[in-house]
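K.L.:
I am sharing entry22.txt, which consists of compact mmCIF, C-alpha atoms:
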```
# COMPACT_ATOMS: atom_id res chain seq x y z
CA MET R 1 75.01 122.82 121.36
CA ALA R 2 73.17 119.73 120.22
CA GLN R 3 71.39 121.83 117.64
CA THR R 4 74.64 123.08 116.06
CA SER R 5 76.18 119.62 115.99
CA ARG R 6 73.04 118.36 114.30
CA ILE R 7 73.30 121.11 111.68
CA PHE R 8 76.96 120.25 111.16
CA HIS R 9 75.99 116.62 110.71
CA ILE R 10 73.43 117.49 108.04
CA VAL R 11 75.94 119.78 106.31
CA ARG R 12 78.49 116.98 106.18
CA ILE R 13 75.99 114.51 104.76
CA ALA R 14 74.93 117.10 102.20
CA PHE R 15 78.56 117.76 101.31
CA ALA R 16 79.23 114.06 100.66
CA VAL R 17 76.01 113.54 98.70
CA ILE R 18 76.43 116.69 96.59
CA GLY R 19 80.08 115.89 95.97
CA ALA R 20 79.24 112.37 94.79
CA ALA R 21 76.42 113.70 92.60
CA VAL R 22 78.62 116.37 91.00
CA VAL R 23 81.48 113.96 90.31
CA LEU R 24 79.11 111.31 88.92
CA PHE R 25 77.39 113.90 86.72
CA LEU R 26 80.67 115.18 85.36
CA PHE R 27 81.98 111.67 84.86
CA LEU R 28 78.90 110.44 83.01
CA ASN R 29 78.26 113.47 80.83
CA HIS R 30 81.51 115.31 80.27
CA SER R 31 84.15 112.62 80.51
CA GLU R 32 86.63 113.10 77.73
CA GLN R 33 88.09 110.13 75.90
CA LEU R 34 91.81 110.70 75.96
CA ASP R 35 94.36 109.04 73.76
CA THR R 36 96.32 106.21 75.29
CA PRO R 37 99.91 106.65 74.13
CA LEU R 38 101.29 104.81 77.16
CA MET R 39 99.06 101.80 76.56
CA ASP R 40 99.96 101.72 72.87
CA TYR R 41 103.65 101.88 73.69
CA PHE R 42 103.48 99.27 76.44
CA THR R 43 101.38 96.77 74.52
CA ALA R 44 103.03 97.16 71.13
CA ASP R 45 106.11 95.00 71.49
CA PHE R 46 106.54 94.12 75.12
CA PHE R 47 107.54 90.51 74.59
CA ALA R 48 110.56 91.33 72.46
CA GLN R 49 111.59 94.25 74.62
CA THR R 50 111.21 92.74 78.07
CA GLY R 51 110.84 88.99 77.67
CA ALA R 52 107.57 88.92 79.62
CA GLN R 53 104.37 87.58 78.10
CA ASN R 54 102.31 89.29 80.76
CA SER R 55 102.37 92.97 79.97
CA VAL R 56 101.54 94.00 83.53
CA ALA R 57 104.69 92.20 84.65
CA ALA R 58 106.54 93.88 81.80
CA ILE R 59 105.42 97.27 83.07
CA TYR R 60 106.17 96.83 86.74
CA LEU R 61 109.43 94.99 86.24
CA ASN R 62 110.89 96.75 83.25
CA TYR R 63 109.19 99.86 81.90
CA ARG R 64 108.18 101.37 85.22
CA VAL R 65 110.52 99.52 87.56
CA PHE R 66 111.07 102.70 89.55
CA ASP R 67 107.54 102.35 90.94
CA THR R 68 108.33 98.88 92.18
CA LEU R 69 111.50 100.02 93.92
CA PHE R 70 109.72 102.67 95.92
CA GLU R 71 106.76 100.41 96.61
CA ALA R 72 109.16 97.89 98.14
CA LEU R 73 110.71 100.71 100.16
CA MET R 74 107.27 101.78 101.31
CA LEU R 75 106.36 98.28 102.51
CA MET R 76 109.67 97.98 104.35
CA VAL R 77 109.19 101.35 106.05
CA SER R 78 105.74 100.32 107.22
CA VAL R 79 107.10 97.04 108.60
CA MET R 80 109.86 98.90 110.45
CA GLU R 81 107.27 101.29 111.82
CA VAL R 82 105.03 98.45 112.98
CA ILE R 83 107.96 96.88 114.80
CA ASN R 84 109.60 99.97 116.28
CA VAL R 85 106.81 102.44 117.09
CA SER R 86 104.76 99.83 118.89
CA TRP R 87 103.90 100.52 122.51
CA ALA R 88 104.51 96.87 123.28
CA ASN R 89 108.24 97.28 122.75
CA LYS R 90 108.86 99.35 125.86
CA HIS R 91 106.44 97.37 127.97
CA ALA R 92 107.43 93.90 126.91
CA GLU R 93 107.05 92.46 130.39
CA LYS R 94 103.28 92.78 130.04
CA TYR R 95 103.37 90.74 126.88
CA GLN R 96 104.65 87.45 128.20
CA PHE R 97 102.66 84.56 126.82
CA GLU R 98 101.34 81.98 129.18
CA LYS R 99 101.62 78.39 128.17
CA ASP R 100 97.90 77.78 128.03
CA ASP R 101 97.55 80.83 125.83
CA PHE R 102 98.68 78.68 122.97
CA ASN R 103 95.76 76.32 123.21
CA ARG R 104 93.26 78.81 124.55
CA LYS R 105 91.36 79.06 121.29
CA GLY R 106 89.70 75.68 121.43
CA ASN R 107 89.74 75.62 117.65
CA SER R 108 87.08 73.62 115.96
CA GLU R 109 88.15 70.22 114.77
CA ILE R 110 86.84 70.88 111.26
CA VAL R 111 88.98 73.99 110.77
CA VAL R 112 92.09 72.27 112.05
CA ARG R 113 91.71 69.22 109.81
CA MET R 114 90.73 71.15 106.69
CA VAL R 115 93.53 73.68 107.04
CA GLY R 116 95.98 70.84 107.52
CA ILE R 117 94.84 69.39 104.22
CA ILE R 118 94.91 72.60 102.17
CA TYR R 119 98.10 74.01 103.71
CA PRO R 120 100.55 72.46 101.18
CA PHE R 121 98.31 73.42 98.28
CA VAL R 122 98.25 77.04 99.39
CA LEU R 123 102.06 77.04 99.46
CA LEU R 124 102.10 75.36 96.05
CA ILE R 125 99.79 77.86 94.37
CA GLY R 126 101.70 80.74 95.93
CA LEU R 127 104.99 79.51 94.53
CA TYR R 128 103.35 78.73 91.18
CA ILE R 129 101.95 82.24 90.87
CA ILE R 130 105.33 83.74 91.74
CA ILE R 131 107.35 81.61 89.33
CA ASN R 132 104.87 81.94 86.44
CA GLY R 133 104.18 85.59 87.02
CA HIS R 134 105.71 86.72 83.75
CA VAL R 135 103.88 84.29 81.45
CA SER R 136 100.46 84.11 83.08
CA PRO R 137 98.26 86.20 85.37
CA GLY R 138 100.08 86.61 88.62
CA GLY R 139 103.34 87.97 89.86
CA GLY R 140 105.35 88.66 92.95
CA PHE R 141 102.81 90.73 94.85
CA GLN R 142 99.93 88.31 94.50
CA GLY R 143 102.05 85.23 95.14
CA GLY R 144 103.62 86.81 98.20
CA ALA R 145 100.18 87.60 99.57
CA ILE R 146 99.12 83.97 99.04
CA LEU R 147 102.25 82.71 100.81
CA ALA R 148 101.43 85.00 103.73
CA THR R 149 97.95 83.47 103.74
CA ALA R 150 99.62 80.09 104.30
CA LEU R 151 101.28 81.49 107.41
CA ILE R 152 97.96 82.89 108.61
CA THR R 153 96.33 79.47 108.25
CA ARG R 154 99.22 78.08 110.28
CA TYR R 155 98.29 80.54 113.00
CA LEU R 156 94.70 79.30 112.92
CA VAL R 157 95.82 75.73 113.53
CA TYR R 158 98.75 76.30 115.84
CA PRO R 159 98.74 79.73 117.49
CA ASN R 160 102.30 79.64 118.67
CA PHE R 161 104.84 82.43 118.58
CA ASP R 162 107.93 80.46 117.68
CA LEU R 163 108.61 82.56 114.60
CA ASP R 164 111.76 84.69 114.76
CA LEU R 165 110.45 88.03 113.57
CA HIS R 166 113.84 89.67 113.97
CA ALA R 167 115.42 87.23 111.53
CA LEU R 168 112.49 87.72 109.18
CA GLU R 169 113.02 91.48 109.28
CA ILE R 170 116.71 91.08 108.44
CA VAL R 171 115.74 88.77 105.57
CA GLU R 172 113.36 91.43 104.34
CA LYS R 173 116.05 94.11 104.39
CA ILE R 174 118.45 91.88 102.47
CA LEU R 175 115.70 91.15 99.97
CA PHE R 176 115.03 94.86 99.58
CA LEU R 177 118.71 95.46 98.87
CA SER R 178 118.67 92.80 96.15
CA ILE R 179 115.40 94.20 94.76
CA VAL R 180 117.11 97.56 94.39
CA MET R 181 120.38 96.19 93.07
CA THR R 182 118.99 93.84 90.41
CA PRO R 183 117.10 96.42 88.29
CA VAL R 184 119.78 99.05 88.81
CA LEU R 185 122.41 96.74 87.37
CA TYR R 186 120.25 95.03 84.76
CA VAL R 187 117.82 97.65 83.50
CA PHE R 188 119.39 101.00 84.30
CA MET R 189 123.07 100.21 83.68
CA GLN R 190 122.28 97.67 80.94
CA ILE R 191 124.71 95.01 82.13
CA GLN R 192 123.25 92.37 79.84
CA PRO R 193 124.60 89.66 77.59
CA ALA R 194 124.46 90.20 73.83
CA ASP R 195 121.52 87.84 73.34
CA THR R 196 118.92 88.89 75.82
CA THR R 197 116.12 86.41 75.12
CA ILE R 198 117.07 84.10 77.98
CA SER R 199 118.52 86.66 80.35
CA HIS R 200 115.32 88.70 80.25
CA GLN R 201 113.36 85.64 81.37
CA ILE R 202 115.84 84.96 84.15
CA TYR R 203 115.59 88.57 85.26
CA MET R 204 111.78 88.36 85.33
CA VAL R 205 111.72 85.14 87.37
CA ALA R 206 114.37 86.41 89.77
CA MET R 207 112.65 89.73 90.35
CA ASN R 208 109.25 88.10 90.82
CA SER R 209 110.72 85.68 93.34
CA LEU R 210 112.47 88.45 95.26
CA ILE R 211 109.35 90.61 95.35
CA GLY R 212 107.20 87.63 96.32
CA LEU R 213 109.46 86.67 99.22
CA LYS R 214 109.66 90.29 100.34
CA VAL R 215 105.90 90.79 100.31
CA PHE R 216 105.54 87.44 102.11
CA SER R 217 107.93 88.39 104.90
CA GLY R 218 106.49 91.89 105.21
CA LEU R 219 102.89 90.74 105.46
CA SER R 220 103.79 87.92 107.87
CA ILE R 221 105.66 90.31 110.14
CA ILE R 222 102.72 92.71 110.15
CA PHE R 223 100.24 89.91 110.83
CA TYR R 224 102.21 88.31 113.64
CA ARG R 225 103.01 91.63 115.28
CA PHE R 226 99.33 92.56 115.21
CA VAL R 227 98.17 89.23 116.54
CA PHE R 228 100.70 88.82 119.33
CA TYR R 229 101.54 92.38 120.33
CA GLU R 230 98.97 94.94 119.28
CA GLY R 231 95.90 92.86 119.89
CA ARG R 232 96.43 92.54 123.63
CA MET U 1 70.12 102.49 78.92
CA LYS U 2 68.98 99.81 81.31
CA PRO U 3 69.25 100.45 85.05
CA LEU U 4 71.91 97.78 85.49
CA ASP U 5 74.16 99.55 83.02
CA PHE U 6 74.72 102.28 85.57
CA ILE U 7 76.39 99.83 87.95
CA THR U 8 79.82 99.91 86.44
CA GLY U 9 83.12 99.78 88.26
CA GLU U 10 83.78 103.48 87.83
CA ILE U 11 80.46 104.58 89.33
CA VAL U 12 80.71 102.16 92.25
CA GLY U 13 84.27 103.36 92.78
CA ILE U 14 83.20 107.01 92.93
CA LEU U 15 80.38 106.15 95.34
CA LEU U 16 82.76 104.17 97.56
CA PHE U 17 85.16 107.11 97.60
CA PHE U 18 82.45 109.46 98.81
CA ILE U 19 81.18 106.95 101.37
CA GLY U 20 84.72 106.89 102.75
CA LEU U 21 84.86 110.69 102.68
CA TYR U 22 81.60 110.85 104.61
CA GLY U 23 83.09 108.51 107.21
CA LEU U 24 86.20 110.65 107.48
CA MET U 25 84.09 113.76 108.03
CA THR U 26 81.60 112.45 110.55
CA LYS U 27 83.13 109.64 112.59
CA LYS U 28 85.06 110.61 115.70
CA THR U 29 86.45 107.15 116.45
CA ILE U 30 90.03 106.79 115.23
CA VAL U 31 89.53 103.18 114.14
CA LYS U 32 86.56 104.24 112.04
CA THR U 33 88.68 106.95 110.45
CA ILE U 34 91.24 104.33 109.44
CA MET U 35 88.45 102.14 108.08
CA SER U 36 87.07 105.07 106.09
CA MET U 37 90.50 105.65 104.62
CA SER U 38 90.61 102.01 103.53
CA ILE U 39 87.17 102.37 101.93
CA MET U 40 88.34 105.44 100.01
CA GLU U 41 91.38 103.47 98.84
CA SER U 42 89.15 100.62 97.66
CA GLY U 43 87.06 103.06 95.67
CA ILE U 44 90.15 104.46 93.98
CA PHE U 45 91.43 100.96 93.18
CA LEU U 46 88.10 99.95 91.66
CA PHE U 47 87.89 103.15 89.62
CA TYR U 48 91.36 102.70 88.21
CA ILE U 49 91.04 98.99 87.49
CA THR U 50 87.84 99.36 85.47
CA ILE U 51 88.82 102.53 83.64
CA ASN U 52 89.40 102.45 79.86
CA TYR U 53 87.68 99.11 79.41
CA THR U 54 86.08 98.31 76.08
CA VAL U 55 83.74 95.38 75.68
CA GLY U 56 85.37 92.35 74.08
CA SER U 57 88.97 93.15 74.87
CA VAL U 58 91.24 90.39 76.12
CA PRO U 59 93.76 90.33 78.99
CA PRO U 60 97.16 91.68 77.96
CA ILE U 61 98.94 88.34 78.06
CA GLY U 62 100.72 86.74 75.14
CA GLN U 63 101.00 88.09 71.63
CA ALA U 64 97.74 86.85 70.12
CA GLN U 65 96.14 89.89 68.52
CA GLU U 66 92.69 88.59 67.60
CA ALA U 67 91.16 91.20 69.90
CA ALA U 68 92.29 94.44 71.45
CA PHE U 69 94.21 94.35 74.70
CA VAL U 70 92.90 95.73 77.94
CA ASP U 71 94.88 98.73 79.16
CA PRO U 72 97.61 97.26 81.40
CA VAL U 73 98.81 100.59 82.81
CA PRO U 74 96.14 101.07 85.55
CA SER U 75 96.55 97.45 86.67
CA ALA U 76 100.28 97.88 87.00
CA LEU U 77 99.79 101.10 88.96
CA MET U 78 97.18 99.62 91.27
CA ILE U 79 99.21 96.50 91.99
CA THR U 80 101.74 98.68 93.77
CA ALA U 81 99.07 100.92 95.29
CA ILE U 82 97.31 97.98 96.97
CA VAL U 83 100.47 96.94 98.80
CA ILE U 84 101.08 100.56 99.81
CA GLY U 85 97.48 100.70 101.08
CA ILE U 86 98.17 97.72 103.33
CA GLY U 87 101.26 99.48 104.65
CA VAL U 88 99.36 102.71 105.34
CA THR U 89 96.61 100.84 107.18
CA ALA U 90 99.16 98.94 109.27
CA ILE U 91 100.96 102.18 110.18
CA GLY U 92 97.71 103.84 111.17
CA LEU U 93 96.59 100.95 113.35
CA THR U 94 99.95 100.69 115.09
CA MET U 95 100.02 104.41 115.84
CA PHE U 96 96.45 104.19 117.11
CA MET U 97 97.37 101.35 119.49
CA HIS U 98 100.38 103.32 120.70
CA TYR U 99 98.29 106.41 121.50
CA LYS U 100 95.57 104.31 123.06
CA GLN U 101 97.99 102.58 125.42
CA LYS U 102 100.02 105.67 126.22
CA HIS U 103 97.40 108.42 126.49
CA GLY U 104 94.11 106.54 126.53
CA ILE U 105 92.83 108.38 123.47
CA THR U 106 90.40 106.57 121.21
CA HIS U 107 88.47 109.52 119.75
CA TRP U 108 89.26 112.69 117.86
CA SER U 109 87.94 114.74 120.74
CA ARG U 110 89.04 117.01 123.55
CA ASN U 111 87.16 114.90 126.00
CA ARG U 112 89.70 112.30 127.07
CA ASN U 113 87.21 109.93 128.62
CA GLN U 114 84.97 109.62 125.64
CA THR U 115 84.14 106.02 124.89
CA GLY U 116 81.68 104.13 122.79
CA SER U 117 81.27 103.78 119.08
CA GLU U 118 78.19 105.85 118.34
CA HIS U 119 80.24 108.80 117.10
```
Would it be possible to restate this file's structure as structure tokens?

P.N.:
Amino acid sequence: MAQTSRIFHIVRIAFAVIGAAVVLFLFLNHSEQLDTPLMDYFTADFFAQTGAQNSVAAIYLNYRVFDTLFEALMLMVSVMEVINVSWANKHAEKYQFEKDDFNRKGNSEIVVRMVGIIYPFVLLIGLYIIINGHVSPGGGFQGGAILATALITRYLVYPNFDLDLHALEIVEKILFLSIVMTPVLYVFMQIQPADTTISHQIYMVAMNSLIGLKVFSGLSIIFYRFVFYEGR
Amino acid sequence: MKPLDFITGEIVGILLFFIGLYGLMTKKTIVKTIMSMSIMESGIFLFYITINYTVGSVPPIGQAQEAAFVDPVPSALMITAIVIGIGVTAIGLTMFMHYKQKHGITHWSRNRNQTGSEH
């Protein structure tokens, strides 16, 4: 029995090594340089067509906005799953928090002080990256992740569960509805003013803000559920 | 070709993918399976982000055309894929915790009482 499992182990290792070697060999020696029609199209005139100076933002908010819609749906489905499939839901009486749980960590003084100092700056850079996502590197996804980091640092300093996750989930659903509605009305149905130079910018900022807030609420819900429910 | 030239993003991405595949094939702990899936995802992200890069190209921001733009398409694809990867990992971990609490299963094994992390 042990002998066969050992043989299986060696076969698996050999499979992984040979697979990596074959793929690397093919990639290094026979990789074919394809044309890039999509890149040429997307980088040719994206500022006039979409109003974004950052062409990645132009792609995920205008050219390929369908991807973004279903990505937002995917994140919302995962948040709903994390909340509803959890074992802790049906056995909530085991998950009561004692009062001294809040201060059980005995956090180091250095972490508490330093996080208190950098906390507003983390919020500031998150909002900056969201608002300037269409003219500089950044965007809704990255800024939302940074905002969620601010909430995680808050947990490090003050591990209290006074956040209303239910309200945050409803906010996320409303945000998802607006994320779907805005491109459908603006990009697909072309409800635009005659001069689109300013309205394109407004659309970019609004969509980046919506996506940023949605990613922020989704990641915070996941983090707080994991810390206070799943990790016990 | 110098030895360091082989360490490009694509090659490291392919190696990471197969390291994750090895973990998926050999590890019997469910948490390690989820970790291996994350490693495979990281390899795919790295491969896509560094693909179609030519030396001297500039980030695709603004309209200044003194140098060629980097391909923005893989970045835009991966920016959504990273968030989806977080969602998949969260779903996997939640389902694992559910099964662990309800059935006491932590391993891909018929032996219910198997514990430890050496598998």

K.L.:
Using only C-alpha atoms, which residues sit within 6 Å of range 47-62 of chain U once same-chain residues fewer than 3 positions away are excluded, as a PyMOL selection string?

P.N.:
(chain R and resi 53-55) or (chain U and resi 9-10+13+44+67-70+74-75)

K.L.:
For chain R, report every residue with an atom at most 8 Å from chain U (counting all atoms listed in the file), formatted as an NGL selection string.

P.N.:
:R and (9 or 12-13 or 16-17 or 19-20 or 23-24 or 38-39 or 42-43 or 47 or 53-57 or 59-60 or 67-68 or 71 or 74-75 or 78-79 or 81-82 or 85-87 or 135-137 or 141 or 222 or 230)

K.L.:
Find the distance between CA of Val122 in chain R and CA of Glu41 in chain U and write it in Å to one decimal.

P.N.:
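Answer for the CA of Val122 in chain R to CA of Glu41 in chain U separation: 27.3 Å.
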
K.L.:
Rounded to one decimal place, report the CA of Tyr224 in chain R-CA of Val77 in chain R distance in Å.

P.N.:
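Taking CA of Tyr224 in chain R and CA of Val77 in chain R, their separation equals 16.6 Å.
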
K.L.:
What's around Ile221 in chain R at 8 Å? Count only C-alpha atoms, leave out sequence neighbours fewer than 3 positions away in its own chain, and write the answer as a list in words.

P.N.:
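That gives Val79, Leu165, Leu168, Glu169, Ser217, Gly218, Tyr224 and Arg225 of chain R.
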
K.L.:
As an exercise, work out the distance from CA of Lys2 in chain U to CA of Ile18 in chain R in Å and give it to one decimal place.

P.N.:
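These two atoms are separated by 24.0 Å.
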
K.L.:
Given the block above, output range 20-35 of chain U with N, CA and C atoms as a CSV table (one decimal), in the first residue's frame.

P.N.:
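Written file, result15.csv:
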```
chain,number,residue,atom,x,y,z
U,20,GLY,N,1.5,25.2,-8.5
U,20,GLY,CA,0.1,25.1,-8.0
U,20,GLY,C,-0.6,23.8,-8.4
U,21,LEU,N,-0.3,23.4,-9.6
U,21,LEU,CA,-0.9,22.1,-10.1
U,21,LEU,C,-0.4,21.0,-9.3
U,22,TYR,N,0.9,21.0,-9.0
U,22,TYR,CA,1.5,19.9,-8.2
U,22,TYR,C,0.8,19.9,-6.8
U,23,GLY,N,0.6,21.1,-6.2
U,23,GLY,CA,-0.1,21.1,-4.9
U,23,GLY,C,-1.5,20.5,-5.0
U,24,LEU,N,-2.2,20.9,-6.1
U,24,LEU,CA,-3.5,20.3,-6.3
U,24,LEU,C,-3.5,18.8,-6.4
U,25,MET,N,-2.5,18.3,-7.1
U,25,MET,CA,-2.4,16.8,-7.3
U,25,MET,C,-2.0,16.1,-6.0
U,26,THR,N,-1.1,16.6,-5.2
U,26,THR,CA,-0.6,15.8,-4.1
U,26,THR,C,-1.2,16.1,-2.8
U,27,LYS,N,-1.6,17.3,-2.5
U,27,LYS,CA,-2.0,17.6,-1.1
U,27,LYS,C,-3.4,17.2,-0.8
U,28,LYS,N,-3.6,16.6,0.3
U,28,LYS,CA,-4.9,16.1,0.7
U,28,LYS,C,-5.6,17.0,1.6
U,29,THR,N,-5.0,18.0,2.1
U,29,THR,CA,-5.6,19.0,3.0
U,29,THR,C,-6.4,19.9,2.2
U,30,ILE,N,-7.7,20.2,2.6
U,30,ILE,CA,-8.5,21.1,1.7
U,30,ILE,C,-8.0,22.5,1.7
U,31,VAL,N,-7.5,23.0,2.8
U,31,VAL,CA,-6.9,24.3,2.9
U,31,VAL,C,-5.7,24.5,1.9
U,32,LYS,N,-4.9,23.4,1.9
U,32,LYS,CA,-3.8,23.5,0.9
U,32,LYS,C,-4.2,23.4,-0.5
U,33,THR,N,-5.3,22.7,-0.8
U,33,THR,CA,-5.9,22.8,-2.1
U,33,THR,C,-6.3,24.2,-2.5
U,34,ILE,N,-7.0,24.9,-1.6
U,34,ILE,CA,-7.4,26.3,-1.9
U,34,ILE,C,-6.1,27.1,-2.1
U,35,MET,N,-5.1,26.9,-1.3
U,35,MET,CA,-3.9,27.7,-1.4
U,35,MET,C,-3.2,27.4,-2.8
```
